Each structure stands twice: as structure tokens, then as C-alpha cells.
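Structure file model-v4.cif with mmCIF, C-alpha atoms and all ligand atoms:
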```cif
data_model
#
loop_
_atom_site.label_atom_id
_atom_site.label_comp_id
_atom_site.auth_asym_id
_atom_site.auth_seq_id
_atom_site.Cartn_x
_atom_site.Cartn_y
_atom_site.Cartn_z
CA MET A 24 20.82 56.33 18.47
CA LYS A 25 18.66 53.21 18.60
CA LYS A 26 17.37 51.14 15.70
CA VAL A 27 13.80 52.31 15.14
CA SER A 28 11.09 49.66 14.79
CA LEU A 29 7.78 50.65 13.24
CA LEU A 30 4.92 48.54 14.58
CA ALA A 31 2.20 51.19 14.39
CA PRO A 32 -0.59 50.87 11.81
CA GLY A 33 1.17 53.27 9.49
CA PRO A 34 3.64 54.22 8.44
CA THR A 35 4.99 50.67 8.35
CA PRO A 36 8.56 49.54 7.56
CA VAL A 37 9.78 49.90 3.96
CA PRO A 38 11.78 46.93 2.60
CA PRO A 39 15.48 47.89 2.26
CA ARG A 40 15.52 46.95 -1.43
CA THR A 41 12.62 49.37 -1.99
CA LEU A 42 14.50 52.16 -0.21
CA LEU A 43 17.39 51.54 -2.60
CA ALA A 44 15.05 51.47 -5.59
CA MET A 45 13.87 54.95 -4.60
CA ALA A 46 17.43 56.25 -4.15
CA GLN A 47 18.17 56.57 -7.85
CA PRO A 48 19.17 59.73 -9.70
CA LEU A 49 16.01 61.69 -10.37
CA ILE A 50 14.51 61.48 -13.82
CA HIS A 51 12.07 64.05 -15.21
CA HIS A 52 8.38 63.37 -14.69
CA ARG A 53 7.66 64.23 -18.34
CA SER A 54 10.42 61.98 -19.76
CA SER A 55 9.52 58.94 -21.86
CA ASP A 56 11.18 56.76 -19.21
CA PHE A 57 8.77 58.08 -16.59
CA LEU A 58 5.73 57.63 -18.84
CA GLU A 59 6.70 53.98 -19.12
CA ILE A 60 7.02 53.75 -15.32
CA PHE A 61 3.62 55.43 -14.87
CA GLY A 62 2.05 52.89 -17.24
CA ARG A 63 3.50 49.98 -15.28
CA VAL A 64 2.29 51.54 -12.01
CA ARG A 65 -1.25 51.83 -13.40
CA GLU A 66 -1.27 48.19 -14.48
CA GLY A 67 0.25 46.96 -11.21
CA LEU A 68 -2.30 48.84 -9.13
CA LYS A 69 -5.15 47.14 -10.96
CA LYS A 70 -3.76 43.79 -9.82
CA ILE A 71 -3.55 44.95 -6.20
CA PHE A 72 -7.07 46.36 -6.27
CA LYS A 73 -8.23 43.28 -8.24
CA THR A 74 -10.04 45.50 -10.73
CA ASN A 75 -10.30 46.46 -14.36
CA ASN A 76 -11.34 49.98 -13.31
CA ASP A 77 -8.97 52.88 -13.68
CA VAL A 78 -7.02 53.39 -10.47
CA LEU A 79 -5.93 57.03 -10.13
CA VAL A 80 -2.74 57.97 -8.32
CA PHE A 81 -2.63 61.18 -6.31
CA CYS A 82 0.37 62.76 -4.64
CA SER A 83 -1.16 63.12 -1.17
CA SER A 84 -1.85 61.18 1.98
CA GLY A 85 -4.95 58.98 2.14
CA THR A 86 -7.21 61.81 3.28
CA GLY A 87 -6.72 63.59 -0.05
CA ALA A 88 -8.21 60.59 -1.82
CA MET A 89 -11.06 60.50 0.72
CA GLU A 90 -11.76 64.17 0.01
CA SER A 91 -11.74 63.48 -3.74
CA ALA A 92 -14.43 60.84 -3.22
CA VAL A 93 -16.70 63.52 -1.78
CA THR A 94 -15.95 66.37 -4.17
CA ASN A 95 -16.06 64.27 -7.36
CA LEU A 96 -19.28 62.42 -6.60
CA LEU A 97 -21.54 64.91 -4.84
CA SER A 98 -22.97 68.41 -5.14
CA PRO A 99 -23.63 70.79 -2.24
CA GLY A 100 -26.85 69.76 -0.50
CA ASP A 101 -26.57 66.09 -1.53
CA LYS A 102 -27.22 63.51 1.16
CA ALA A 103 -24.74 60.75 2.00
CA ILE A 104 -24.45 58.16 4.75
CA ALA A 105 -21.29 58.36 6.86
CA ILE A 106 -20.69 55.09 8.71
CA ARG A 107 -18.98 56.19 11.90
CA GLY A 108 -17.49 53.44 13.99
CA GLY A 109 -14.30 55.30 14.81
CA LYS A 110 -12.07 58.26 14.13
CA PHE A 111 -11.82 57.68 10.38
CA GLY A 112 -15.55 57.19 9.98
CA GLU A 113 -16.02 60.58 11.64
CA ARG A 114 -13.71 62.07 9.01
CA TRP A 115 -16.35 61.33 6.36
CA THR A 116 -18.78 63.64 8.16
CA GLU A 117 -16.14 66.38 8.42
CA LEU A 118 -15.41 66.11 4.70
CA LEU A 119 -19.08 66.05 3.69
CA GLU A 120 -19.87 69.08 5.81
CA ALA A 121 -16.80 70.96 4.55
CA TYR A 122 -18.35 70.82 1.07
CA GLY A 123 -21.91 71.64 2.09
CA CYS A 124 -23.23 68.08 1.71
CA GLN A 125 -25.68 66.58 4.20
CA ALA A 126 -24.09 63.85 6.27
CA ILE A 127 -26.51 61.22 7.54
CA ASN A 128 -24.48 59.86 10.42
CA LEU A 129 -24.82 56.16 11.11
CA ASP A 130 -23.09 55.91 14.46
CA VAL A 131 -21.72 52.51 15.39
CA PRO A 132 -20.31 52.00 18.89
CA TRP A 133 -16.51 51.98 18.75
CA GLY A 134 -15.26 48.40 18.68
CA TYR A 135 -18.26 47.14 16.68
CA ALA A 136 -19.03 46.69 12.96
CA VAL A 137 -21.87 48.32 11.06
CA LYS A 138 -24.96 46.20 10.40
CA PRO A 139 -25.72 46.16 6.66
CA ASP A 140 -29.46 46.05 7.44
CA ASP A 141 -29.18 49.45 9.13
CA VAL A 142 -27.70 50.90 5.94
CA ALA A 143 -30.40 49.20 3.85
CA ALA A 144 -33.10 50.74 6.06
CA LEU A 145 -31.68 54.25 5.67
CA LEU A 146 -31.41 53.88 1.89
CA LYS A 147 -34.95 52.54 1.68
CA ALA A 148 -36.32 55.39 3.78
CA ASP A 149 -34.65 58.01 1.58
CA PRO A 150 -33.89 57.02 -2.03
CA SER A 151 -32.32 60.44 -2.65
CA ILE A 152 -29.21 59.40 -0.68
CA LYS A 153 -26.37 59.39 -3.18
CA ALA A 154 -23.51 57.65 -1.42
CA VAL A 155 -22.48 55.43 1.48
CA TYR A 156 -19.04 56.15 2.94
CA VAL A 157 -17.30 53.49 5.03
CA GLN A 158 -13.91 52.19 6.16
CA ALA A 159 -12.92 48.62 5.25
CA LEU A 160 -10.70 48.56 8.32
CA GLU A 161 -11.48 51.25 10.89
CA THR A 162 -7.87 51.72 12.00
CA SER A 163 -8.81 53.51 15.22
CA THR A 164 -10.68 50.46 16.59
CA GLY A 165 -9.21 47.49 14.68
CA VAL A 166 -12.66 46.51 13.36
CA SER A 167 -13.31 45.39 9.77
CA HIS A 168 -16.67 46.50 8.42
CA PRO A 169 -18.60 43.97 6.25
CA ILE A 170 -17.76 45.45 2.86
CA LYS A 171 -18.97 42.58 0.69
CA GLU A 172 -22.40 42.69 2.36
CA LEU A 173 -22.59 46.49 2.12
CA ALA A 174 -21.95 46.24 -1.62
CA GLN A 175 -24.95 43.88 -1.86
CA VAL A 176 -27.03 46.52 -0.08
CA THR A 177 -26.04 49.43 -2.34
CA LYS A 178 -25.94 47.42 -5.58
CA ASP A 179 -29.54 47.97 -6.67
CA THR A 180 -29.96 51.45 -5.24
CA GLY A 181 -28.99 54.84 -6.65
CA ALA A 182 -26.22 55.16 -4.06
CA VAL A 183 -22.56 54.42 -4.64
CA LEU A 184 -20.45 52.62 -2.03
CA VAL A 185 -17.17 54.37 -1.21
CA VAL A 186 -14.70 52.18 0.67
CA ASP A 187 -11.74 53.65 2.51
CA ALA A 188 -9.24 50.79 2.37
CA VAL A 189 -6.25 52.93 3.40
CA SER A 190 -5.24 50.38 6.04
CA ALA A 191 -6.98 47.30 4.57
CA LEU A 192 -5.78 47.03 0.98
CA GLY A 193 -2.86 44.61 0.92
CA ALA A 194 -3.56 43.39 4.46
CA TYR A 195 -6.55 41.20 3.58
CA ASP A 196 -8.65 40.53 0.53
CA ILE A 197 -10.75 43.40 -0.82
CA PRO A 198 -11.52 42.24 -4.40
CA THR A 199 -12.93 45.41 -5.98
CA ASP A 200 -14.59 43.89 -9.04
CA GLU A 201 -15.72 40.59 -7.52
CA TRP A 202 -17.54 42.45 -4.76
CA GLY A 203 -18.71 45.27 -7.07
CA LEU A 204 -17.15 48.12 -5.08
CA ASP A 205 -17.84 51.48 -6.72
CA VAL A 206 -14.93 53.41 -5.22
CA VAL A 207 -11.97 52.03 -3.28
CA ILE A 208 -9.35 54.28 -1.73
CA SER A 209 -5.92 53.42 -0.41
CA GLY A 210 -2.59 54.95 0.52
CA SER A 211 1.07 54.05 0.21
CA GLN A 212 2.21 53.93 3.83
CA LYS A 213 0.46 50.93 5.34
CA ALA A 214 0.12 47.44 3.84
CA LEU A 215 1.71 48.70 0.62
CA MET A 216 5.03 49.13 2.47
CA LEU A 217 6.02 52.54 1.08
CA PRO A 218 6.64 55.92 2.70
CA PRO A 219 3.61 58.22 2.94
CA GLY A 220 2.85 60.36 -0.10
CA LEU A 221 0.77 58.38 -2.60
CA ALA A 222 -3.00 57.87 -2.51
CA PHE A 223 -5.02 55.70 -4.86
CA VAL A 224 -8.65 55.68 -6.01
CA SER A 225 -10.32 52.95 -8.02
CA ILE A 226 -13.41 54.29 -9.78
CA GLY A 227 -16.13 51.96 -11.08
CA PRO A 228 -18.82 52.62 -13.75
CA LYS A 229 -21.59 53.74 -11.36
CA ALA A 230 -19.23 56.26 -9.75
CA LEU A 231 -18.08 57.51 -13.16
CA GLU A 232 -21.69 58.26 -14.06
CA MET A 233 -22.27 60.11 -10.79
CA MET A 234 -19.07 62.07 -11.30
CA LYS A 235 -20.52 63.68 -14.43
CA THR A 236 -23.14 65.60 -12.46
CA SER A 237 -21.09 66.47 -9.36
CA LYS A 238 -20.85 70.18 -8.64
CA CYS A 239 -18.70 70.33 -5.51
CA PRO A 240 -15.69 72.60 -6.04
CA LYS A 241 -12.49 70.76 -6.93
CA PHE A 242 -9.19 71.50 -8.57
CA TYR A 243 -6.12 69.46 -7.56
CA PHE A 244 -8.21 66.36 -6.84
CA SER A 245 -10.29 66.42 -10.03
CA TRP A 246 -11.02 62.86 -11.14
CA ALA A 247 -12.07 63.98 -14.64
CA LYS A 248 -8.80 65.84 -15.17
CA GLU A 249 -6.67 63.01 -13.80
CA LEU A 250 -8.59 60.30 -15.70
CA LYS A 251 -7.78 62.15 -18.89
CA THR A 252 -4.08 62.70 -18.19
CA GLN A 253 -3.38 59.41 -16.41
CA SER A 254 -4.86 57.51 -19.36
CA GLN A 255 -1.80 58.89 -21.18
CA ASN A 256 0.47 57.60 -18.41
CA LYS A 257 1.17 60.94 -16.82
CA GLY A 258 -0.16 63.01 -13.95
CA ALA A 259 -1.78 66.42 -14.35
CA PHE A 260 0.85 67.82 -11.96
CA THR A 261 4.42 66.96 -10.97
CA SER A 262 4.60 63.29 -10.01
CA PRO A 263 6.69 62.14 -7.01
CA VAL A 264 9.09 60.10 -9.16
CA PRO A 265 10.93 58.26 -6.32
CA LEU A 266 7.63 57.00 -4.84
CA PHE A 267 6.63 55.64 -8.25
CA LEU A 268 9.97 53.80 -8.44
CA GLY A 269 9.30 52.48 -4.95
CA LEU A 270 5.84 51.27 -5.95
CA LEU A 271 7.24 49.42 -8.97
CA ASP A 272 9.66 47.71 -6.61
CA ILE A 273 6.83 46.86 -4.20
CA PHE A 274 5.06 44.98 -7.02
CA GLU A 275 8.17 42.75 -7.21
CA VAL A 276 8.37 42.49 -3.42
CA ILE A 277 4.75 41.28 -3.36
CA ASP A 278 5.63 38.58 -5.89
CA GLU A 279 8.70 37.58 -3.88
CA MET A 280 6.55 37.35 -0.75
CA GLY A 281 4.49 34.72 -2.58
CA GLY A 282 1.79 37.02 -3.96
CA LEU A 283 -1.08 38.86 -2.34
CA ASP A 284 -2.96 35.82 -1.11
CA ASN A 285 0.13 34.53 0.67
CA ILE A 286 0.66 37.95 2.24
CA PHE A 287 -2.94 37.87 3.50
CA GLU A 288 -2.27 34.50 5.15
CA GLU A 289 0.97 35.67 6.74
CA THR A 290 -0.70 38.81 8.04
CA ALA A 291 -3.48 36.68 9.52
CA LEU A 292 -0.90 34.44 11.21
CA LYS A 293 0.90 37.40 12.83
CA SER A 294 -2.48 38.68 13.97
CA LYS A 295 -3.42 35.30 15.44
CA ALA A 296 -0.10 35.05 17.30
CA PHE A 297 -0.40 38.59 18.64
CA LYS A 298 -3.98 38.08 19.74
CA ALA A 299 -2.92 34.86 21.52
CA ALA A 300 -0.36 36.94 23.43
CA VAL A 301 -3.07 39.41 24.43
CA ALA A 302 -5.17 36.55 25.81
CA ALA A 303 -2.15 35.16 27.67
CA TRP A 304 -1.71 38.55 29.37
CA GLY A 305 -5.32 38.37 30.50
CA LEU A 306 -6.19 41.47 28.46
CA GLU A 307 -9.12 42.17 26.13
CA LEU A 308 -9.30 43.19 22.49
CA TYR A 309 -10.95 46.56 21.90
CA SER A 310 -12.59 45.14 18.75
CA LYS A 311 -15.63 43.30 20.12
CA GLU A 312 -16.58 41.96 16.69
CA ASN A 313 -14.89 41.56 13.29
CA ALA A 314 -11.41 42.05 14.81
CA SER A 315 -9.23 42.67 11.77
CA THR A 316 -6.07 40.82 10.90
CA GLY A 317 -4.34 44.03 9.81
CA LEU A 318 -3.79 45.30 13.32
CA THR A 319 -4.76 44.55 16.92
CA ALA A 320 -6.26 47.09 19.32
CA VAL A 321 -5.71 46.08 22.96
CA GLU A 322 -7.43 47.44 26.06
CA ALA A 323 -4.85 48.49 28.65
CA PRO A 324 -5.18 46.92 32.12
CA ALA A 325 -7.28 48.82 34.65
CA GLY A 326 -5.22 51.53 36.28
CA ILE A 327 -2.66 51.74 33.47
CA ASP A 328 -2.78 54.53 30.92
CA ALA A 329 -2.30 53.01 27.46
CA GLN A 330 -0.33 56.09 26.44
CA ASP A 331 2.27 55.09 29.04
CA VAL A 332 2.69 51.72 27.31
CA VAL A 333 3.14 53.52 23.98
CA GLY A 334 5.58 55.99 25.55
CA TRP A 335 7.54 53.24 27.31
CA LEU A 336 8.18 51.43 24.01
CA LYS A 337 9.06 54.64 22.20
CA ASN A 338 11.36 56.12 24.83
CA LYS A 339 13.12 52.99 26.05
CA TYR A 340 13.31 50.86 22.91
CA ALA A 341 12.52 53.16 19.92
CA ILE A 342 9.62 50.83 19.06
CA PHE A 343 6.62 52.71 17.69
CA ILE A 344 3.14 51.37 18.35
CA ALA A 345 0.03 53.56 18.37
CA GLY A 346 -2.25 54.69 21.16
CA GLY A 347 -5.97 55.24 21.03
CA GLN A 348 -7.58 58.26 19.38
CA ALA A 349 -10.31 60.53 20.76
CA GLN A 350 -12.63 58.54 23.08
CA ALA A 351 -10.18 55.58 23.06
CA LYS A 352 -7.16 57.69 24.05
CA GLY A 353 -5.43 56.32 27.14
CA LYS A 354 -7.58 53.19 26.99
CA ILE A 355 -6.00 51.22 24.15
CA PHE A 356 -2.78 50.60 22.28
CA ARG A 357 -2.63 49.36 18.69
CA VAL A 358 -0.07 47.15 16.96
CA ALA A 359 0.15 46.50 13.20
CA HIS A 360 0.59 43.17 11.44
CA MET A 361 0.33 44.47 7.87
CA GLY A 362 3.14 44.98 5.39
CA PHE A 363 6.83 44.31 5.89
CA ILE A 364 6.55 43.22 9.53
CA SER A 365 8.00 39.77 10.27
CA GLU A 366 7.12 37.12 12.85
CA PHE A 367 10.18 38.21 14.77
CA ASP A 368 9.23 41.89 14.64
CA THR A 369 5.91 40.75 16.10
CA LEU A 370 7.63 38.72 18.84
CA GLN A 371 9.88 41.67 19.59
CA GLY A 372 6.82 43.89 19.97
CA ILE A 373 5.14 41.38 22.27
CA SER A 374 8.29 41.10 24.37
CA ALA A 375 8.64 44.88 24.63
CA ILE A 376 4.98 45.30 25.61
CA GLU A 377 5.47 42.70 28.35
CA MET A 378 8.40 44.69 29.71
CA ALA A 379 6.35 47.88 29.61
CA LEU A 380 3.33 46.29 31.29
CA ALA A 381 5.52 44.81 34.03
CA GLY A 382 7.36 48.11 34.46
CA LEU A 383 4.05 49.93 34.81
CA GLY A 384 2.96 47.56 37.58
CA TYR A 385 0.67 45.09 35.82
CA LYS A 386 0.78 41.66 37.44
CA PHE A 387 1.03 38.78 34.98
CA GLU A 388 3.39 35.97 34.11
CA MET A 389 6.30 37.55 32.24
CA GLY A 390 6.94 35.68 28.98
CA ALA A 391 3.43 34.23 28.74
CA GLY A 392 2.57 36.35 25.68
CA VAL A 393 5.84 35.56 23.91
CA ALA A 394 5.33 31.84 24.56
CA ALA A 395 1.74 31.90 23.28
CA ALA A 396 2.81 33.64 20.07
CA GLN A 397 5.83 31.36 19.60
CA LYS A 398 3.51 28.37 19.83
CA ILE A 399 1.34 29.72 17.02
CA PHE A 400 4.32 30.57 14.81
CA GLY A 401 5.98 27.25 15.63
CA GLU A 402 2.93 25.22 14.64
CA ALA A 403 2.33 27.12 11.39
C1 LIG B 501 -8.64 53.87 7.58
C2 LIG B 501 -7.86 55.13 7.36
N1 LIG B 501 -8.39 56.08 6.60
C3 LIG B 501 -7.75 57.22 6.36
C4 LIG B 501 -6.53 57.47 6.92
C5 LIG B 501 -5.91 58.78 6.68
O1 LIG B 501 -4.80 58.64 5.93
P1 LIG B 501 -3.69 59.77 5.91
O2 LIG B 501 -3.19 59.98 7.28
O3 LIG B 501 -2.71 59.10 5.00
O4 LIG B 501 -4.30 60.97 5.31
C6 LIG B 501 -5.93 56.53 7.73
C7 LIG B 501 -4.63 56.77 8.36
O5 LIG B 501 -4.28 56.23 9.38
C8 LIG B 501 -6.62 55.32 7.95
O6 LIG B 501 -6.10 54.37 8.72
#
```

Whole structure given in C-alpha cells:
Amino acid sequence: MKKVSLLAPGPTPVPPRTLLAMAQPLIHHRSSDFLEIFGRVREGLKKIFKTNNDVLVFCSSGTGAMESAVTNLLSPGDKAIAIRGGKFGERWTELLEAYGCQAINLDVPWGYAVKPDDVAALLKADPSIKAVYVQALETSTGVSHPIKELAQVTKDTGAVLVVDAVSALGAYDIPTDEWGLDVVISGSQKALMLPPGLAFVSIGPKALEMMKTSKCPKFYFSWAKELKTQSQNKGAFTSPVPLFLGLLDIFEVIDEMGGLDNIFEETALKSKAFKAAVAAWGLELYSKENASTGLTAVEAPAGIDAQDVVGWLKNKYAIFIAGGQAQAKGKIFRVAHMGFISEFDTLQGISAIEMALAGLGYKFEMGAGVAAAQKIFGEA
């Protein structure tokens, strides 16, 4: 058995102290001890989202929270813009159509960011559009969409802005209240350094108003029901107690890592070092604009299937990076910088990728990527 290294953009490594914090004898989810834990989780999440809004916790993966942002805001027949610059953007259309809403697809070429003016034009042309759905970080391409600017566009319209920050929250700054973001969604298994299983939704005043008239069917993911129960520090259903204990520990881990802003800087440094390695290999980023700091998407050399790079690392070294999805499959591989990934995990990943590229026949100077990244880390 080999030591497994997680360098894919989710799930990311969980700090050992957090694993231990979760390995405690189970307490009951209706006990007074757990109510106290739930209250601390609610307060801690507000700090991470940088909001005074209620942040709901769901026991699901991130997609559950995405679905809730369709079913709790819209009614069948309602129109909403789905910004589709990758696999996760396309998921908005699937969700909207599953509930009989009309998706207005704003297709953005993969590797590029949406232009806020294009969203403004669509909203101006049809004031009945009720929502704009977007990813902060489109994990399938490594591109960050301009969320602050999109919030300026939706601010004075009837439409709410729904931001999927599943891979962005905790990787770089997404200040919910400062930017006026109506709904922000995240999940436990990426920059928040926990196992999969928790999803979060911050709900602002404009979204709360829209919620009141929404007629899409909903049951487990009812915001109204959860807002009522979670205001009493409990979930409507059975809460995953160990994940809550883990999240409380993560709040302390974040403080020990120097706070969120320091984590953002460290993530950016790992990203800079990794991207320098990519340049040293003579390879291109897949993200042609707004390349995020949370992860890097790399175009495989001509003649090499990116899935073979991913497979090489997995089978030979038990290092998990991600391949491309859908139209990017075989063309790119993706490496995370978010969460509990150190400089040396990053160097290890770079070194392993070099061995894979060389093994697969790519001609380059072995060690050039490691040296480029070391230089960046060394000068920091
Ligand atoms: C941006 C983004 N949105 C949504 C999801 C879906 O989350 P989950 O797989 O937790 O349902 C992911 C997962 O990779 C993601 O990166």
C-alpha cells in the first residue's frame, strides 16, 4: 500500500488533527451539546462567507445546494441565465430544466471568463429574467468568473445572482456582503479541508424575498424549513455530527494557518509556483483568461493523452490529480492548490508530473519545473 496524496481539486487532504476531531464517540444530534456545536458552526460559517446572512448547512454534496438554489428561488416556467463556461456551468441548465424552468444559456468558450456586459444585455432585453447562475471558479477549466462585476450588473435589476463557490470559497476572497452576493454556495471537500458531505448556502435579503413566491417542488432542500429550524441551532433532519465536529476544528485550523487572508496568499503562491513549472515545461494553461489560484488546468503536450498523465500518477505513485471533463477530456490535467496542500506537496506533484511526462515520451529538461517552482517558493 502506498501513501495516497490528494492533489485533485476535491476532495482535498484533511488535516490530521481534524480527522482526530471527527473520531470522537458519537453524540446525539438532538442533544444540548450538539445544539451548542451547531450554533458555533453557524457563526463560524458567517466569518468564512464574510456575511451577516444566514448560512444554511445541508447534509449533501455541493450539487444539492446548487439544486436548492433553483427550487427555492424559481417557479416552473421562470427564466434564468445559466453562465456556461464549463462542466459545472452546464449543470445549472440541467437543474433548471429538471424543474421546468427556462434556461437562457450564456455559452462562454471553455477556458474563458464571462463578460459582465453580455449578462447586462440579456437582463436588459428581458426584465422578466429572475436569476443569474454562475460559478466563482469553474473547476473544469480553472477559470474564475468576475463575480464582483456580475453583482454590479444584477444589483439594480429584478434578478438575483447565485454564485457557486464550491471550489472557490476558502481558496480566494469572495466577500459575500461587501460584493452584495445574493446567494453563495459551497461544499466541505475542497478549500474547506473536510471530507465530502456538507454543503452550505448563504441567502441574502433579495433572495429571501424571491423565495417567498417560489413554487418549484422541494422537500429535503427547503430553505424555509431549514431557516426556521437552523435558527434554533438544529437541522430539520439528522445532522452528520462528525462532520460538524470537523468543521469546528477547521475554524481553528484556519486561525492557526494565519487566517483566511493568509490562506489566500499561500494558495496564490502555490499557484504561481505551479504555473511557473508549467511554463518551464513549455506547456500552456487551459485557462486563457482569469486563471484561478485555486487550481491549475494544464494542456497536455501534443500526442500525449492527458488521461495517461493522470493514470501514471495514480497507478505508479498513488498521487491523485484530475483529468479534463467532457470536451476537455484527454486534453488537460488539473492540479489543486487550495486547502491543506503544502509547498512540498506541490513540489512533489510537479516532480511526479515530470516523471510521467518523460515516461510518456515528452521531450523537455527534466527538473526544469521543479527548479522553477523552488525558485518562487525560495524567494517568497
Ligand atoms: C464549481 C463546482 N460546483 C459544483 C460541484 C459539485 O459538487 P459535488 O460534487 O460536491 O456535488 C463541484 C465539484 O467538483 C465544483 O467544483

Using only C-alpha atoms and all ligand atoms, which residues of the polymer chains come no farther than 6 Å from ligand LIG 501 (chain B)? I'd like the answer as a list in words.
Ser84, Gly85, Thr86, Phe111, Gln158, Leu160, Glu161, Thr162, Asp187, Val189 and Ser190 of chain A

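A straight line drawn from CA of Val131 (chain A) to CA of Pro219 (chain A) is 28.8 Å long.
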
Residue neighbourhood region 94-100 of chain A, 12 Å, all atoms listed in the file, exclusion window fewer than 2 positions, as a PyMOL selection string
chain A and resi 87-92+102-103+115+118-127+151-156+182-185+205-206+224+226-227+229-250

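Closest approach to Asp196 (chain A) among A:Pro324, A:Gly282, A:Gly210, A:Gly401: A:Gly282, based on all atoms listed in the file.
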
Mind checking which residues fall within 8 Å of Ser374 (chain A), counting only C-alpha atoms, ignoring those fewer than 2 positions away in the same chain, and posting them as a list in words?
Leu370, Gln371, Gly372, Ile376, Glu377, Met378, Gly390, Gly392 and Val393 of chain A

From the options A:Ser83, A:Thr180, A:Gln350, A:Gln253, which residue's atoms come nearest to Ala148 (chain A), counting all atoms listed in the file?
A:Thr180

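Distances from A:Glu289, A:Lys69, A:Ala396, A:Thr177 to Ala144 (chain A) were compared using all atoms listed in the file, and the smallest one belongs to A:Thr177.
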
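CA of Asp130 (chain A) is positioned 6.3 Å from CA of Ile106 (chain A).
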
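Separating CA of Ala222 (chain A) from CA of Val80 (chain A) is a distance of 5.8 Å.
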
For Gly62 (chain A), list every protein, DNA or RNA residue within 10 Å, evaluated using all atoms listed in the file, and leave out those in the same chain fewer than 4 positions away; present the list as a PyMOL selection string.
chain A and resi 57-58+66-67+253-257

Counting all atoms listed in the file, the option among A:Lys354, A:Lys386, A:Lys26, A:Lys70 closest to Asp278 (chain A)
A:Lys70

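Using only C-alpha atoms, the nearest neighbour of Ala194 (chain A) within the list A:Met361, A:Met389, A:Ile327, A:Ala349 is A:Met361.
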
Measuring between all atoms listed in the file, which one of A:Val176, A:Met216, A:Leu192, A:Val358 shows the shortest distance to Asp272 (chain A)?
A:Met216

Gly109 (chain A) environment, 7 Å, only C-alpha atoms, sequence neighbours closer than 3 positions dropped, as number ranges by chain
A: 112-113, 133, 161, 163-164
